[in-house]
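Asks: start37.tsv (TSV, C-alpha atoms) pasted underneath:
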```
chain	number	residue	atom	x	y	z
Y	1	MET	CA	3.12	-0.71	8.80
Y	2	GLU	CA	6.47	-2.49	8.91
Y	3	GLN	CA	4.81	-5.87	8.33
Y	4	ALA	CA	2.80	-4.41	5.44
Y	5	ILE	CA	5.99	-3.20	3.74
Y	6	ARG	CA	7.91	-6.41	4.32
Y	7	ASN	CA	5.09	-8.49	2.85
Y	8	ILE	CA	5.15	-6.65	-0.48
Y	9	ALA	CA	8.86	-5.79	-0.70
Y	10	HIS	CA	9.77	-8.67	-3.03
Y	11	PHE	CA	6.70	-8.00	-5.19
Y	12	CYS	CA	7.70	-4.41	-5.95
Y	13	ASP	CA	10.46	-3.03	-8.15
Y	14	ALA	CA	10.18	0.32	-6.36
Y	15	ILE	CA	8.41	1.43	-3.20
Y	16	HIS	CA	7.72	5.09	-2.44
Y	17	ALA	CA	6.75	5.63	1.20
Y	18	VAL	CA	5.34	9.00	2.24
Y	19	ASP	CA	5.02	9.76	5.95
Y	20	HIS	CA	2.12	12.19	6.27
Y	21	VAL	CA	2.39	14.23	9.50
Y	22	SER	CA	2.86	11.26	11.83
Y	23	THR	CA	3.67	11.95	15.51
Y	24	ASP	CA	4.66	8.42	16.49
Y	25	ASP	CA	7.62	6.31	15.32
Y	26	THR	CA	6.52	5.98	11.69
Y	27	TRP	CA	9.46	7.96	10.37
Y	28	VAL	CA	11.96	6.03	12.47
Y	29	VAL	CA	10.60	2.74	11.15
Y	30	LEU	CA	10.60	3.95	7.54
Y	31	ARG	CA	14.20	5.17	7.75
Y	32	ARG	CA	15.30	1.85	9.18
Y	33	LEU	CA	13.54	-0.09	6.43
Y	34	ALA	CA	15.03	2.20	3.78
Y	35	GLY	CA	18.45	1.14	4.99
Y	36	GLU	CA	17.44	-2.48	4.49
Y	37	TYR	CA	15.66	-2.24	1.12
Y	38	ASP	CA	17.51	-0.48	-1.71
Y	39	HIS	CA	14.28	-0.03	-3.68
Y	40	LEU	CA	12.44	1.75	-0.85
Y	41	ASP	CA	12.32	5.54	-1.07
Y	42	VAL	CA	11.00	7.37	2.00
Y	43	ARG	CA	9.94	10.97	2.41
Y	44	ARG	CA	7.86	13.18	4.69
Y	45	SER	CA	5.12	15.53	3.59
Y	46	ARG	CA	2.37	17.71	5.00
Y	47	GLN	CA	0.40	17.44	1.76
Y	48	ALA	CA	-1.57	14.21	1.37
Y	49	ALA	CA	-1.76	14.85	-2.38
Y	50	ASP	CA	2.03	14.44	-2.68
Y	51	SER	CA	1.56	10.68	-2.62
Y	52	HIS	CA	-0.63	10.90	-5.72
Y	53	ARG	CA	1.81	13.19	-7.52
Y	54	ILE	CA	4.36	10.38	-7.27
Y	55	VAL	CA	1.91	8.08	-9.04
Y	56	GLU	CA	0.81	10.46	-11.82
Y	57	ARG	CA	4.03	10.18	-13.82
Y	58	TYR	CA	3.49	6.47	-14.45
Y	59	ALA	CA	0.31	7.01	-16.49
Y	60	GLY	CA	0.67	5.54	-19.97
Y	61	THR	CA	3.59	3.29	-19.02
Y	62	PRO	CA	3.66	-0.51	-18.58
Y	63	THR	CA	3.45	-0.16	-14.83
Y	64	TRP	CA	1.22	-1.72	-12.20
Y	65	ILE	CA	0.58	0.60	-9.27
Y	66	PHE	CA	-0.11	-1.15	-5.95
Y	67	GLY	CA	-1.60	0.96	-3.15
Y	68	VAL	CA	-1.20	-0.77	0.21
Y	69	ASP	CA	-2.22	0.82	3.49
Y	70	GLY	CA	-0.45	0.11	6.75
Y	71	ASP	CA	-3.31	-2.07	7.97
Y	72	GLU	CA	-3.20	-4.35	4.90
Y	73	LEU	CA	-1.14	-7.52	5.16
Y	74	TYR	CA	-0.75	-9.45	1.90
Y	75	ASP	CA	0.20	-13.11	1.55
Y	76	ARG	CA	3.88	-12.95	0.60
Y	77	GLU	CA	4.21	-16.34	-1.06
Y	78	ARG	CA	1.03	-15.95	-3.10
Y	79	LEU	CA	2.37	-12.63	-4.36
Y	80	ARG	CA	5.40	-14.39	-5.87
Y	81	GLY	CA	3.23	-16.42	-8.21
Y	82	PHE	CA	0.87	-13.52	-8.83
Y	83	ARG	CA	3.66	-11.26	-10.06
Y	84	ALA	CA	4.49	-13.85	-12.71
Y	85	GLU	CA	0.84	-13.75	-13.81
Y	86	LEU	CA	0.95	-9.96	-14.09
Y	87	GLU	CA	4.14	-10.06	-16.12
Y	88	SER	CA	2.68	-12.69	-18.47
Y	89	GLY	CA	-0.05	-10.23	-19.46
Y	90	SER	CA	-2.89	-12.27	-17.99
Y	91	TYR	CA	-4.50	-9.15	-16.52
Y	92	ASP	CA	-3.63	-6.59	-19.17
Y	93	THR	CA	-7.26	-6.15	-20.21
Y	94	SER	CA	-8.13	-4.91	-16.71
Y	95	PHE	CA	-7.65	-1.44	-15.26
Y	96	LYS	CA	-8.05	-2.58	-11.66
Y	97	ILE	CA	-7.66	-5.88	-9.80
Y	98	ALA	CA	-9.57	-6.55	-6.58
Y	99	ALA	CA	-8.39	-9.24	-4.15
Y	100	ASN	CA	-9.89	-11.59	-1.60
Y	101	VAL	CA	-9.88	-9.82	1.77
Y	102	VAL	CA	-10.72	-10.65	5.38
Y	103	ASN	CA	-11.60	-7.51	7.37
Y	104	CYS	CA	-10.23	-8.50	10.75
Y	105	VAL	CA	-11.92	-8.06	14.10
Y	106	ALA	CA	-9.37	-10.36	15.76
Y	107	LEU	CA	-5.81	-11.26	14.82
Y	108	ASP	CA	-3.74	-13.64	16.95
Y	109	ARG	CA	-0.15	-13.80	15.79
Y	110	GLU	CA	0.83	-16.45	18.33
Y	111	GLN	CA	-2.04	-18.74	17.40
Y	112	GLN	CA	-1.64	-17.81	13.72
Y	113	SER	CA	-5.33	-17.13	13.23
Y	114	ALA	CA	-7.45	-14.22	12.02
Y	115	SER	CA	-11.19	-13.68	12.32
Y	116	GLY	CA	-13.26	-11.23	10.35
Y	117	TYR	CA	-15.65	-10.56	7.52
Y	118	PRO	CA	-14.69	-11.67	4.00
Y	119	SER	CA	-14.69	-9.80	0.73
Y	120	PRO	CA	-16.81	-10.67	-1.07
Y	121	PRO	CA	-19.50	-9.92	0.12
Y	122	SER	CA	-17.74	-7.09	1.98
Y	123	ARG	CA	-15.99	-4.43	-0.04
Y	124	SER	CA	-12.52	-5.28	-1.40
Y	125	ILE	CA	-9.95	-2.67	-0.41
Y	126	THR	CA	-7.30	-3.71	-2.96
Y	127	LYS	CA	-5.81	-0.90	-5.03
Y	128	LEU	CA	-3.86	-2.54	-7.85
Y	129	TYR	CA	-4.04	-0.48	-11.03
Y	130	ASN	CA	-2.81	-0.99	-14.59
Y	131	PHE	CA	-1.36	2.38	-15.57
Y	132	ALA	CA	-0.90	1.18	-19.17
Y	133	ALA	CA	-4.69	1.54	-19.40
Y	134	ILE	CA	-4.69	5.31	-18.87
Y	135	ASP	CA	-3.14	8.43	-20.36
Y	136	ALA	CA	-3.46	10.49	-17.19
Y	137	TRP	CA	-4.70	10.42	-13.60
Y	138	THR	CA	-4.61	13.91	-12.17
Y	139	GLY	CA	-5.31	14.32	-8.47
Y	140	ASP	CA	-7.84	16.48	-6.67
Y	141	GLY	CA	-5.82	17.19	-3.55
Y	142	SER	CA	-6.57	13.88	-1.81
Y	143	GLU	CA	-4.28	10.91	-1.22
Y	144	ARG	CA	-2.96	8.60	-3.95
Y	145	LEU	CA	-5.37	6.54	-6.03
Y	146	HIS	CA	-8.46	8.25	-4.62
Y	147	GLY	CA	-10.64	10.57	-6.68
Y	148	GLY	CA	-9.17	12.85	-9.30
Y	149	THR	CA	-9.67	12.71	-13.05
Y	150	ILE	CA	-8.71	9.65	-15.07
Y	151	VAL	CA	-8.21	9.74	-18.86
Y	152	PHE	CA	-8.65	6.19	-20.13
Y	153	ARG	CA	-7.16	4.67	-23.24
Y	154	PRO	CA	-9.55	3.03	-25.74
Y	155	GLY	CA	-11.05	-0.19	-24.45
Y	156	TYR	CA	-10.73	0.69	-20.75
Y	157	SER	CA	-12.98	2.35	-18.19
Y	158	GLU	CA	-13.60	2.35	-14.44
Y	159	ARG	CA	-15.66	-0.79	-15.05
Y	160	SER	CA	-12.57	-2.65	-16.31
Y	161	VAL	CA	-12.20	-4.46	-12.99
Y	162	ASP	CA	-11.21	-8.07	-12.34
Y	163	ASN	CA	-12.52	-8.96	-8.88
Y	164	ILE	CA	-10.65	-12.17	-8.19
Y	165	GLY	CA	-12.78	-12.84	-5.13
Y	166	GLU	CA	-15.88	-13.22	-7.28
Y	167	ARG	CA	-14.44	-16.27	-9.04
Y	168	LEU	CA	-11.92	-17.74	-6.61
Y	169	SER	CA	-12.23	-18.74	-2.95
Y	170	TRP	CA	-9.92	-17.50	-0.19
Y	171	GLU	CA	-8.02	-20.78	-0.37
Y	172	GLN	CA	-7.58	-20.53	-4.14
Y	173	SER	CA	-6.83	-16.82	-4.50
Y	174	PRO	CA	-3.37	-15.71	-5.71
Y	175	LEU	CA	-3.99	-12.26	-4.21
Y	176	ARG	CA	-5.34	-12.13	-0.68
Y	177	CYS	CA	-5.13	-9.73	2.22
Y	178	LEU	CA	-5.78	-9.46	5.94
Y	179	HIS	CA	-7.29	-5.99	6.47
Y	180	ALA	CA	-6.75	-5.05	10.12
Y	181	CYS	CA	-9.22	-2.19	9.90
Y	182	PHE	CA	-10.85	-2.82	13.29
Y	183	LEU	CA	-7.65	-3.47	15.28
Y	184	ARG	CA	-5.06	-1.33	17.03
Y	185	ARG	CA	-2.35	-0.33	14.56
Y	186	SER	CA	0.39	1.13	16.72
Y	187	THR	CA	2.08	0.64	20.07
Y	188	ARG	CA	0.57	4.03	20.93
Y	189	ASP	CA	-2.91	2.78	20.22
Y	190	ALA	CA	-5.10	1.80	23.16
Y	191	GLU	CA	-5.05	-1.84	24.28
Y	192	THR	CA	-8.50	-2.79	23.12
Y	193	ASN	CA	-10.36	-4.95	20.66
Y	194	ASP	CA	-13.53	-2.87	21.00
Y	195	LEU	CA	-14.81	-2.33	17.46
Y	196	ARG	CA	-15.82	1.20	18.45
Y	197	ALA	CA	-12.25	2.10	19.33
Y	198	ARG	CA	-10.08	3.91	16.77
Y	199	PRO	CA	-7.56	6.00	18.73
Y	200	ILE	CA	-5.58	6.65	15.55
Y	201	LEU	CA	-6.03	6.58	11.84
Y	202	GLU	CA	-2.74	5.24	10.57
Y	203	GLU	CA	-2.19	4.17	7.00
Y	204	SER	CA	0.70	3.35	4.72
Y	205	GLY	CA	0.31	2.96	1.00
Y	206	LEU	CA	2.63	1.15	-1.36
Y	207	HIS	CA	2.63	0.86	-5.12
Y	208	ASP	CA	4.11	-1.34	-8.05
Y	209	ARG	CA	6.54	-2.59	-11.33
Y	210	THR	CA	7.93	0.12	-10.62
Y	211	LEU	CA	5.30	-1.40	-8.25
Y	212	LEU	CA	5.45	1.78	-6.23
Y	213	GLY	CA	4.11	3.00	-2.95
Y	214	SER	CA	3.34	5.67	-0.42
Y	215	ALA	CA	3.01	5.33	3.33
Y	216	LYS	CA	1.20	7.65	5.66
Y	217	ARG	CA	0.00	7.72	9.20
Y	218	ARG	CA	-2.20	10.18	11.00
Y	219	LEU	CA	-2.43	10.40	14.75
Y	220	ARG	CA	-5.84	11.83	15.56
Y	221	GLY	CA	-5.56	11.77	19.34
Y	222	ARG	CA	-5.91	9.43	22.27
Y	223	GLN	CA	-9.69	9.46	22.49
Y	224	ALA	CA	-11.30	6.85	20.25
Y	225	PRO	CA	-14.04	7.85	17.84
Y	226	GLU	CA	-16.67	5.20	17.31
Y	227	THR	CA	-16.41	3.06	14.21
Y	228	SER	CA	-18.60	4.69	11.59
Y	229	ASP	CA	-21.76	3.11	10.23
Y	230	TRP	CA	-20.18	3.46	6.79
Y	231	LYS	CA	-17.24	1.33	7.87
Y	232	ARG	CA	-19.45	-1.35	9.35
Y	233	GLU	CA	-21.61	-1.38	6.20
Y	234	LYS	CA	-18.62	-1.76	3.86
Y	235	TYR	CA	-16.41	-4.10	5.88
Y	236	MET	CA	-18.73	-6.24	8.04
Y	237	ARG	CA	-20.90	-8.01	5.50
Y	238	GLY	CA	-21.45	-11.75	5.37
Y	239	ASP	CA	-20.58	-14.32	8.01
Y	240	LEU	CA	-17.76	-14.00	10.51
Y	241	THR	CA	-14.97	-16.38	9.43
Y	242	THR	CA	-11.63	-17.55	10.81
Y	243	VAL	CA	-8.60	-18.20	8.59
Y	244	ASP	CA	-4.99	-19.32	8.95
Y	245	ALA	CA	-2.87	-16.17	9.42
Y	246	SER	CA	0.56	-17.86	9.23
Y	247	PRO	CA	1.24	-16.89	5.56
Y	248	PHE	CA	0.98	-13.22	6.49
Y	249	PHE	CA	3.79	-13.11	9.10
```
Mind turning this structure into C-alpha coordinates?
Replies:
Amino acid sequence: MEQAIRNIAHFCDAIHAVDHVSTDDTWVVLRRLAGEYDHLDVRRSRQAADSHRIVERYAGTPTWIFGVDGDELYDRERLRGFRAELESGSYDTSFKIAANVVNCVALDREQQSASGYPSPPSRSITKLYNFAAIDAWTGDGSERLHGGTIVFRPGYSERSVDNIGERLSWEQSPLRCLHACFLRRSTRDAETNDLRARPILEESGLHDRTLLGSAKRRLRGRQAPETSDWKREKYMRGDLTTVDASPFF
(Lines of atoms letter the chains of each structure in order from A and count residues from 1; the text may use other names and numbers.)
(Lines give C-alpha, C1' and ligand atoms only; values in the text may rest on other atoms or scores of the structure.)
Protein backbone atom coordinates (compact mmCIF):
# COMPACT_ATOMS: atom_id res chain seq x y z
CA MET A 1 0.00 0.00 0.00
CA GLU A 2 2.79 2.43 0.83
CA GLN A 3 4.41 1.89 -2.56
CA ALA A 4 1.05 2.37 -4.28
CA ILE A 5 0.58 5.75 -2.57
CA ARG A 6 4.12 6.93 -3.23
CA ASN A 7 3.83 6.10 -6.92
CA ILE A 8 0.80 8.33 -7.44
CA ALA A 9 1.54 11.07 -4.89
CA HIS A 10 2.97 13.55 -7.42
CA PHE A 11 0.13 12.81 -9.86
CA CYS A 12 -2.59 13.81 -7.40
CA ASP A 13 -3.60 17.22 -6.09
CA ALA A 14 -5.40 15.53 -3.18
CA ILE A 15 -5.42 11.99 -1.84
CA HIS A 16 -8.13 10.71 0.49
CA ALA A 17 -7.15 7.44 2.17
CA VAL A 18 -9.79 5.48 4.06
CA ASP A 19 -8.67 2.61 6.28
CA HIS A 20 -11.56 0.15 6.34
CA VAL A 21 -11.42 -2.05 9.47
CA SER A 22 -7.79 -3.13 9.07
CA THR A 23 -6.17 -5.17 11.86
CA ASP A 24 -2.57 -4.90 10.69
CA ASP A 25 -0.32 -1.83 10.43
CA THR A 26 -2.31 -0.06 7.71
CA TRP A 27 -3.29 2.83 9.96
CA VAL A 28 0.26 3.28 11.24
CA VAL A 29 1.57 3.46 7.68
CA LEU A 30 -1.14 5.89 6.58
CA ARG A 31 -0.51 8.23 9.52
CA ARG A 32 3.20 8.25 8.77
CA LEU A 33 2.61 9.04 5.10
CA ALA A 34 0.15 11.79 6.04
CA GLY A 35 2.96 13.46 7.94
CA GLU A 36 5.07 13.34 4.79
CA TYR A 37 2.50 14.41 2.19
CA ASP A 38 0.50 17.58 2.89
CA HIS A 39 -2.14 16.62 0.32
CA LEU A 40 -2.85 13.20 1.88
CA ASP A 41 -5.92 13.01 4.11
CA VAL A 42 -6.34 9.80 6.12
CA ARG A 43 -9.34 8.50 8.02
CA ARG A 44 -10.75 5.27 9.43
CA SER A 45 -14.22 3.93 8.79
CA ARG A 46 -16.32 0.83 9.35
CA GLN A 47 -18.52 1.70 6.38
CA ALA A 48 -17.04 0.79 2.99
CA ALA A 49 -19.46 3.23 1.35
CA ASP A 50 -17.75 6.17 3.09
CA SER A 51 -15.02 6.06 0.45
CA HIS A 52 -17.62 6.64 -2.27
CA ARG A 53 -19.27 9.47 -0.35
CA ILE A 54 -15.95 11.32 -0.55
CA VAL A 55 -16.06 10.96 -4.33
CA GLU A 56 -19.71 11.95 -4.89
CA ARG A 57 -19.17 15.66 -4.27
CA TYR A 58 -16.86 15.97 -7.27
CA ALA A 59 -19.58 15.09 -9.79
CA GLY A 60 -20.02 17.88 -12.33
CA THR A 61 -16.64 19.45 -11.61
CA PRO A 62 -13.48 19.47 -13.77
CA THR A 63 -11.97 16.68 -11.72
CA TRP A 64 -10.39 13.36 -12.61
CA ILE A 65 -10.98 10.69 -9.98
CA PHE A 66 -8.28 8.01 -9.77
CA GLY A 67 -9.12 4.85 -7.82
CA VAL A 68 -5.96 2.91 -6.95
CA ASP A 69 -5.98 -0.21 -4.82
CA GLY A 70 -3.10 -1.18 -2.57
CA ASP A 71 -1.99 -3.92 -4.95
CA GLU A 72 -1.72 -1.54 -7.94
CA LEU A 73 1.68 -0.03 -8.65
CA TYR A 74 1.71 2.66 -11.35
CA ASP A 75 4.74 3.83 -13.33
CA ARG A 76 5.64 7.11 -11.62
CA GLU A 77 7.56 8.75 -14.46
CA ARG A 78 4.95 7.86 -17.08
CA LEU A 79 2.33 9.47 -14.85
CA ARG A 80 4.17 12.81 -15.03
CA GLY A 81 3.68 13.03 -18.77
CA PHE A 82 0.19 11.58 -18.59
CA ARG A 83 -1.01 14.26 -16.20
CA ALA A 84 0.00 16.89 -18.76
CA GLU A 85 -2.11 15.05 -21.34
CA LEU A 86 -5.11 15.05 -19.00
CA GLU A 87 -4.73 18.76 -18.31
CA SER A 88 -4.48 19.53 -22.03
CA GLY A 89 -7.97 18.11 -22.53
CA SER A 90 -6.84 15.19 -24.69
CA TYR A 91 -9.16 12.80 -22.85
CA ASP A 92 -12.08 15.10 -22.09
CA THR A 93 -14.41 13.20 -24.43
CA SER A 94 -13.98 10.05 -22.31
CA PHE A 95 -15.74 9.14 -19.07
CA LYS A 96 -13.24 6.43 -18.16
CA ILE A 97 -9.64 5.64 -19.08
CA ALA A 98 -8.31 2.08 -18.93
CA ALA A 99 -4.57 1.41 -18.71
CA ASN A 100 -2.11 -1.27 -19.74
CA VAL A 101 -1.80 -3.74 -16.85
CA VAL A 102 0.28 -6.80 -15.99
CA ASN A 103 -1.51 -9.03 -13.46
CA CYS A 104 1.49 -10.34 -11.56
CA VAL A 105 2.11 -13.92 -10.49
CA ALA A 106 5.74 -13.09 -9.65
CA LEU A 107 7.42 -9.84 -8.68
CA ASP A 108 11.14 -9.68 -7.91
CA ARG A 109 12.16 -6.30 -6.57
CA GLU A 110 15.85 -7.19 -6.39
CA GLN A 111 15.98 -8.43 -9.98
CA GLN A 112 13.61 -5.64 -11.05
CA SER A 113 11.33 -7.97 -12.98
CA ALA A 114 7.63 -8.85 -12.96
CA SER A 115 5.84 -11.77 -14.59
CA GLY A 116 2.15 -12.03 -15.23
CA TYR A 117 -0.75 -11.81 -17.63
CA PRO A 118 -1.24 -8.59 -19.62
CA SER A 119 -4.30 -6.45 -20.12
CA PRO A 120 -5.39 -6.64 -22.82
CA PRO A 121 -6.47 -9.44 -23.25
CA SER A 122 -7.00 -9.69 -19.48
CA ARG A 123 -9.33 -7.21 -17.83
CA SER A 124 -7.93 -3.73 -17.11
CA ILE A 125 -8.40 -2.76 -13.47
CA THR A 126 -7.77 0.97 -13.94
CA LYS A 127 -10.34 3.28 -12.37
CA LEU A 128 -9.68 6.76 -13.78
CA TYR A 129 -12.91 8.71 -14.21
CA ASN A 130 -13.78 12.09 -15.69
CA PHE A 131 -16.25 13.58 -13.22
CA ALA A 132 -16.93 16.50 -15.58
CA ALA A 133 -18.87 13.93 -17.64
CA ILE A 134 -21.49 13.31 -14.96
CA ASP A 135 -23.99 15.23 -12.86
CA ALA A 136 -24.13 12.65 -10.08
CA TRP A 137 -22.81 9.26 -8.97
CA THR A 138 -24.74 8.09 -5.95
CA GLY A 139 -23.51 4.98 -4.18
CA ASP A 140 -25.32 1.77 -3.30
CA GLY A 141 -23.49 0.98 -0.08
CA SER A 142 -20.40 -0.53 -1.71
CA GLU A 143 -16.90 0.89 -2.00
CA ARG A 144 -15.93 3.90 -4.14
CA LEU A 145 -16.36 3.78 -7.90
CA HIS A 146 -18.25 0.47 -7.84
CA GLY A 147 -21.93 0.19 -8.66
CA GLY A 148 -24.38 2.90 -7.74
CA THR A 149 -26.33 5.17 -10.06
CA ILE A 150 -24.59 7.48 -12.51
CA VAL A 151 -26.32 10.48 -14.14
CA PHE A 152 -24.41 11.30 -17.31
CA ARG A 153 -24.18 14.63 -19.04
CA PRO A 154 -25.13 14.79 -22.74
CA GLY A 155 -22.63 13.04 -24.98
CA TYR A 156 -21.34 10.63 -22.32
CA SER A 157 -22.28 7.12 -21.22
CA GLU A 158 -20.67 4.06 -19.62
CA ARG A 159 -19.40 3.24 -23.11
CA SER A 160 -17.34 6.45 -23.20
CA VAL A 161 -14.16 4.52 -22.42
CA ASP A 162 -10.67 5.03 -23.81
CA ASN A 163 -8.81 1.74 -23.34
CA ILE A 164 -5.24 2.82 -23.96
CA GLY A 165 -4.08 -0.79 -24.01
CA GLU A 166 -6.12 -1.47 -27.13
CA ARG A 167 -4.06 0.99 -29.18
CA LEU A 168 -0.70 1.20 -27.41
CA SER A 169 1.75 -1.50 -26.33
CA TRP A 170 3.10 -1.87 -22.79
CA GLU A 171 6.32 -0.16 -23.89
CA GLN A 172 4.43 2.77 -25.44
CA SER A 173 1.72 3.29 -22.84
CA PRO A 174 1.68 6.53 -20.78
CA LEU A 175 -0.48 4.80 -18.16
CA ARG A 176 0.62 1.36 -17.01
CA CYS A 177 0.29 -0.67 -13.86
CA LEU A 178 1.66 -3.75 -12.12
CA HIS A 179 -1.36 -5.43 -10.50
CA ALA A 180 -0.05 -7.66 -7.70
CA CYS A 181 -3.36 -9.47 -7.39
CA PHE A 182 -1.87 -12.96 -6.97
CA LEU A 183 0.92 -12.02 -4.53
CA ARG A 184 1.20 -11.53 -0.78
CA ARG A 185 0.32 -7.95 0.12
CA SER A 186 1.39 -7.60 3.73
CA THR A 187 4.12 -8.70 6.12
CA ARG A 188 1.32 -10.61 7.86
CA ASP A 189 0.50 -12.51 4.72
CA ALA A 190 1.82 -16.05 4.37
CA GLU A 191 5.19 -16.55 2.67
CA THR A 192 3.93 -18.13 -0.51
CA ASN A 193 3.61 -17.59 -4.23
CA ASP A 194 0.89 -20.23 -4.52
CA LEU A 195 -1.80 -18.72 -6.75
CA ARG A 196 -4.43 -20.37 -4.56
CA ALA A 197 -3.23 -18.51 -1.50
CA ARG A 198 -5.00 -15.30 -0.43
CA PRO A 199 -4.60 -15.02 3.35
CA ILE A 200 -5.86 -11.43 3.24
CA LEU A 201 -7.83 -9.15 1.02
CA GLU A 202 -6.09 -5.83 1.38
CA GLU A 203 -6.80 -2.88 -0.84
CA SER A 204 -6.13 0.83 -0.90
CA GLY A 205 -7.83 3.18 -3.30
CA LEU A 206 -6.65 6.60 -4.36
CA HIS A 207 -8.29 9.24 -6.50
CA ASP A 208 -7.44 12.50 -8.57
CA ARG A 209 -7.11 16.61 -9.69
CA THR A 210 -8.28 16.91 -6.80
CA LEU A 211 -7.01 13.49 -8.04
CA LEU A 212 -8.39 11.96 -4.88
CA GLY A 213 -8.25 8.64 -3.16
CA SER A 214 -9.37 6.14 -0.59
CA ALA A 215 -7.39 3.31 0.96
CA LYS A 216 -8.75 0.24 2.61
CA ARG A 217 -7.54 -3.09 3.81
CA ARG A 218 -9.45 -6.09 5.06
CA LEU A 219 -7.85 -8.88 7.02
CA ARG A 220 -9.94 -11.98 6.40
CA GLY A 221 -7.91 -14.41 8.49
CA ARG A 222 -4.81 -16.54 8.32
CA GLN A 223 -6.27 -19.39 6.29
CA ALA A 224 -6.03 -18.80 2.56
CA PRO A 225 -9.10 -19.14 0.38
CA GLU A 226 -8.42 -20.46 -3.08
CA THR A 227 -8.20 -17.97 -5.91
CA SER A 228 -11.63 -17.82 -7.47
CA ASP A 229 -12.39 -19.02 -10.98
CA TRP A 230 -13.71 -15.51 -11.65
CA LYS A 231 -10.35 -14.02 -10.77
CA ARG A 232 -8.46 -16.44 -12.97
CA GLU A 233 -10.87 -15.78 -15.85
CA LYS A 234 -10.52 -11.99 -15.60
CA TYR A 235 -6.82 -11.66 -14.79
CA MET A 236 -5.06 -14.68 -16.35
CA ARG A 237 -5.84 -14.33 -20.04
CA GLY A 238 -3.26 -14.37 -22.80
CA ASP A 239 0.37 -15.41 -22.58
CA LEU A 240 2.51 -15.17 -19.48
CA THR A 241 4.94 -12.26 -19.96
CA THR A 242 7.89 -10.75 -18.09
CA VAL A 243 8.52 -7.00 -17.93
CA ASP A 244 11.04 -4.60 -16.40
CA ALA A 245 9.73 -3.63 -12.94
CA SER A 246 12.32 -0.93 -12.16
CA PRO A 247 10.04 2.04 -13.06
CA PHE A 248 7.58 0.95 -10.39
CA PHE A 249 9.93 1.13 -7.37
Asks: Which one is closest to Y:Ile150: Y:Ala136, Y:Leu240, Y:Val55, Y:Leu175? Count all atoms listed in the file.
Replies: Y:Ala136
Asks: What is the distance, in Å and to one decimal place, between atom CA of Y:Pro118 and atom CA of Y:His10?
Replies: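 Atom CA of Y:Pro118 sits 25.6 Å away from atom CA of Y:His10.
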Asks: May I ask which of the residues Y:Thr149, Y:Ser160, Y:Gln47, Y:Asn7 is the closest one to Y:Gly70, counting all atoms listed in the file?
Replies: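 Using all atoms listed in the file, the shortest distance to Y:Gly70 belongs to Y:Asn7.
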Asks: So which residues touch Y:Arg83 within 12 Å, counting all atoms listed in the file, skipping near sequence neighbours fewer than 3 positions away, as a ChimeraX atom specification?
Replies: /Y:8,10-13,64,66,76-80,86-91,128,174-175,208-209,211
Asks: Write the residues you've just listed into a file as a PDB file, in the frame of the given file, and include C-alpha atoms for each of them.
Replies:
```pdb
ATOM      1  CA  ILE Y   8       5.150  -6.650  -0.480  1.00  0.00           C
ATOM      2  CA  HIS Y  10       9.770  -8.670  -3.030  1.00  0.00           C
ATOM      3  CA  PHE Y  11       6.700  -8.000  -5.190  1.00  0.00           C
ATOM      4  CA  CYS Y  12       7.700  -4.410  -5.950  1.00  0.00           C
ATOM      5  CA  ASP Y  13      10.460  -3.030  -8.150  1.00  0.00           C
ATOM      6  CA  TRP Y  64       1.220  -1.720 -12.200  1.00  0.00           C
ATOM      7  CA  PHE Y  66      -0.110  -1.150  -5.950  1.00  0.00           C
ATOM      8  CA  ARG Y  76       3.880 -12.950   0.600  1.00  0.00           C
ATOM      9  CA  GLU Y  77       4.210 -16.340  -1.060  1.00  0.00           C
ATOM     10  CA  ARG Y  78       1.030 -15.950  -3.100  1.00  0.00           C
ATOM     11  CA  LEU Y  79       2.370 -12.630  -4.360  1.00  0.00           C
ATOM     12  CA  ARG Y  80       5.400 -14.390  -5.870  1.00  0.00           C
ATOM     13  CA  LEU Y  86       0.950  -9.960 -14.090  1.00  0.00           C
ATOM     14  CA  GLU Y  87       4.140 -10.060 -16.120  1.00  0.00           C
ATOM     15  CA  SER Y  88       2.680 -12.690 -18.470  1.00  0.00           C
ATOM     16  CA  GLY Y  89      -0.050 -10.230 -19.460  1.00  0.00           C
ATOM     17  CA  SER Y  90      -2.890 -12.270 -17.990  1.00  0.00           C
ATOM     18  CA  TYR Y  91      -4.500  -9.150 -16.520  1.00  0.00           C
ATOM     19  CA  LEU Y 128      -3.860  -2.540  -7.850  1.00  0.00           C
ATOM     20  CA  PRO Y 174      -3.370 -15.710  -5.710  1.00  0.00           C
ATOM     21  CA  LEU Y 175      -3.990 -12.260  -4.210  1.00  0.00           C
ATOM     22  CA  ASP Y 208       4.110  -1.340  -8.050  1.00  0.00           C
ATOM     23  CA  ARG Y 209       6.540  -2.590 -11.330  1.00  0.00           C
ATOM     24  CA  LEU Y 211       5.300  -1.400  -8.250  1.00  0.00           C
TER      25      LEU Y 211
END
```
Asks: With distances taken over all atoms listed in the file, which of Y:Asp108, Y:Asp19, Y:Glu85, Y:Glu72 is nearest to Y:Ala4?
Replies: Y:Glu72
Asks: When you look at stretch 98-101 of chain Y with a cut-off of 10 Å (counting all atoms listed in the file), what residues show up, excluding the ones that are within fewer than 2 positions of it in the same chain? I need them as JSON, numbers by chain.
Replies: {"Y": [72, 73, 74, 96, 103, 104, 116, 117, 118, 119, 120, 121, 122, 123, 124, 125, 126, 127, 128, 129, 161, 162, 163, 164, 165, 166, 167, 168, 169, 170, 171, 172, 173, 174, 175, 176, 177, 178, 179, 235]}
Asks: Smallest atom-to-atom distance to Y:Arg109: which of Y:His39, Y:Asp92, Y:Asp135, Y:Pro247, using all atoms listed in the file?
Replies: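 For Y:Arg109, the nearest of the candidates is Y:Pro247.
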Asks: In Å to one decimal, how far is atom CA of Y:Phe95 from atom CA of Y:Phe131?
Replies: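 That distance, rounded to one decimal, is 7.4 Å.
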Asks: I'd like the interatomic distance between atom CA of Y:Thr242 and atom CA of Y:Gly81, to a tenth of an Å.
Replies: 24.2 Å
